[in-house]
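First comes the structure, then the notes that go with it.
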Amino acid sequence: MEDTVQPYVQISTTKTWTKASVSAGYTRSQSPSSFGGLSETNQMYMNARYSFTEKLSGLINGFI
């Protein structure tokens with residue numbers, strides 16, 4: 001069995017305030033497919049979090 005290199009790139013950023021934060025990023029990965037080709041996966045995401053109180057917070061996720 002041979003080891004294969006599977007390129008993977010992830011770029012992300014986060015902005016934080018006192019009670020809130022927003023994160024966004026991009027992920028790309030490549031791997032060999034079972035049919036001899038190359039399978040590529042691209043994903044973009046964004047998260048928003050808000051702390052209502054010390055013990056209660058809300059989170060919204062979005063993916064493309």
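Starting from 1 in every chain, residues are counted up; chains themselves are A, B, ... following the order of the structure tokens, and ligands are numbered from 1 as listed.
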Determine, counting only C-alpha atoms, which protein, DNA and RNA residues have an atom within 12 Å of an atom of segment 54-56 of chain A; residues of the same chain fewer than 5 positions away are not included. Present the result as a list in words.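 Skipping anything fewer than 5 positions along the chain leaves Thr18, Lys19 and Arg49 of chain A.
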Can you pull out the residues contacting Ser12 of chain A? Cut-off 10 Å, using only C-alpha atoms, and skip same-chain residues under 4 positions away; I want them as JSON, numbers by chain. {"A": [23, 24, 25, 26, 27, 44, 45, 46]}
Got a sec to tell me which of chain A DSSP assigns to strand (DSSP E), as a short mmCIF file (atom, residue, chain, number, x, y, z; two decimals) with C-alpha atoms, in the first residue's frame?
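As a result, result.cif now contains:
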```
data_model
loop_
_atom_site.label_atom_id
_atom_site.label_comp_id
_atom_site.auth_asym_id
_atom_site.auth_seq_id
_atom_site.Cartn_x
_atom_site.Cartn_y
_atom_site.Cartn_z
CA TYR A 8 -5.81 20.25 1.95
CA VAL A 9 -6.22 24.01 2.37
CA GLN A 10 -8.11 25.80 5.12
CA ILE A 11 -8.36 29.56 5.51
CA SER A 12 -10.35 31.09 8.35
CA THR A 13 -10.79 34.31 10.27
CA THR A 14 -12.57 35.32 13.48
CA LYS A 15 -13.72 38.70 14.75
CA THR A 16 -14.55 38.88 18.47
CA ALA A 20 -20.33 38.20 20.17
CA SER A 21 -18.05 36.64 17.60
CA VAL A 22 -18.19 35.91 13.86
CA SER A 23 -16.06 33.31 12.09
CA ALA A 24 -15.78 32.61 8.37
CA GLY A 25 -13.64 30.31 6.32
CA TYR A 26 -12.94 28.25 3.24
CA THR A 27 -11.80 24.63 3.00
CA ARG A 28 -10.59 22.74 -0.08
CA SER A 29 -9.48 19.14 -0.17
CA GLN A 30 -8.46 16.77 -2.96
CA SER A 31 -8.26 12.99 -2.90
CA PRO A 32 -8.15 10.19 -5.45
CA LEU A 38 -9.45 13.29 -8.66
CA SER A 39 -12.19 14.19 -6.21
CA GLU A 40 -12.26 17.82 -5.06
CA THR A 41 -14.32 19.23 -2.20
CA ASN A 42 -14.82 22.97 -1.63
CA GLN A 43 -16.68 24.37 1.37
CA MET A 44 -17.33 27.86 2.67
CA TYR A 45 -18.74 28.47 6.13
CA MET A 46 -19.77 31.21 8.53
CA ASN A 47 -20.59 31.05 12.25
CA ALA A 48 -22.11 33.74 14.44
CA ARG A 49 -22.21 33.43 18.24
CA TYR A 50 -23.80 35.71 20.82
CA SER A 51 -23.62 35.41 24.62
CA SER A 57 -25.38 31.68 24.30
CA GLY A 58 -26.68 31.22 20.76
CA LEU A 59 -24.87 29.98 17.67
CA ILE A 60 -25.85 30.11 13.99
CA ASN A 61 -23.91 28.06 11.41
CA GLY A 62 -24.04 28.31 7.65
CA PHE A 63 -22.31 26.15 5.05
#
```
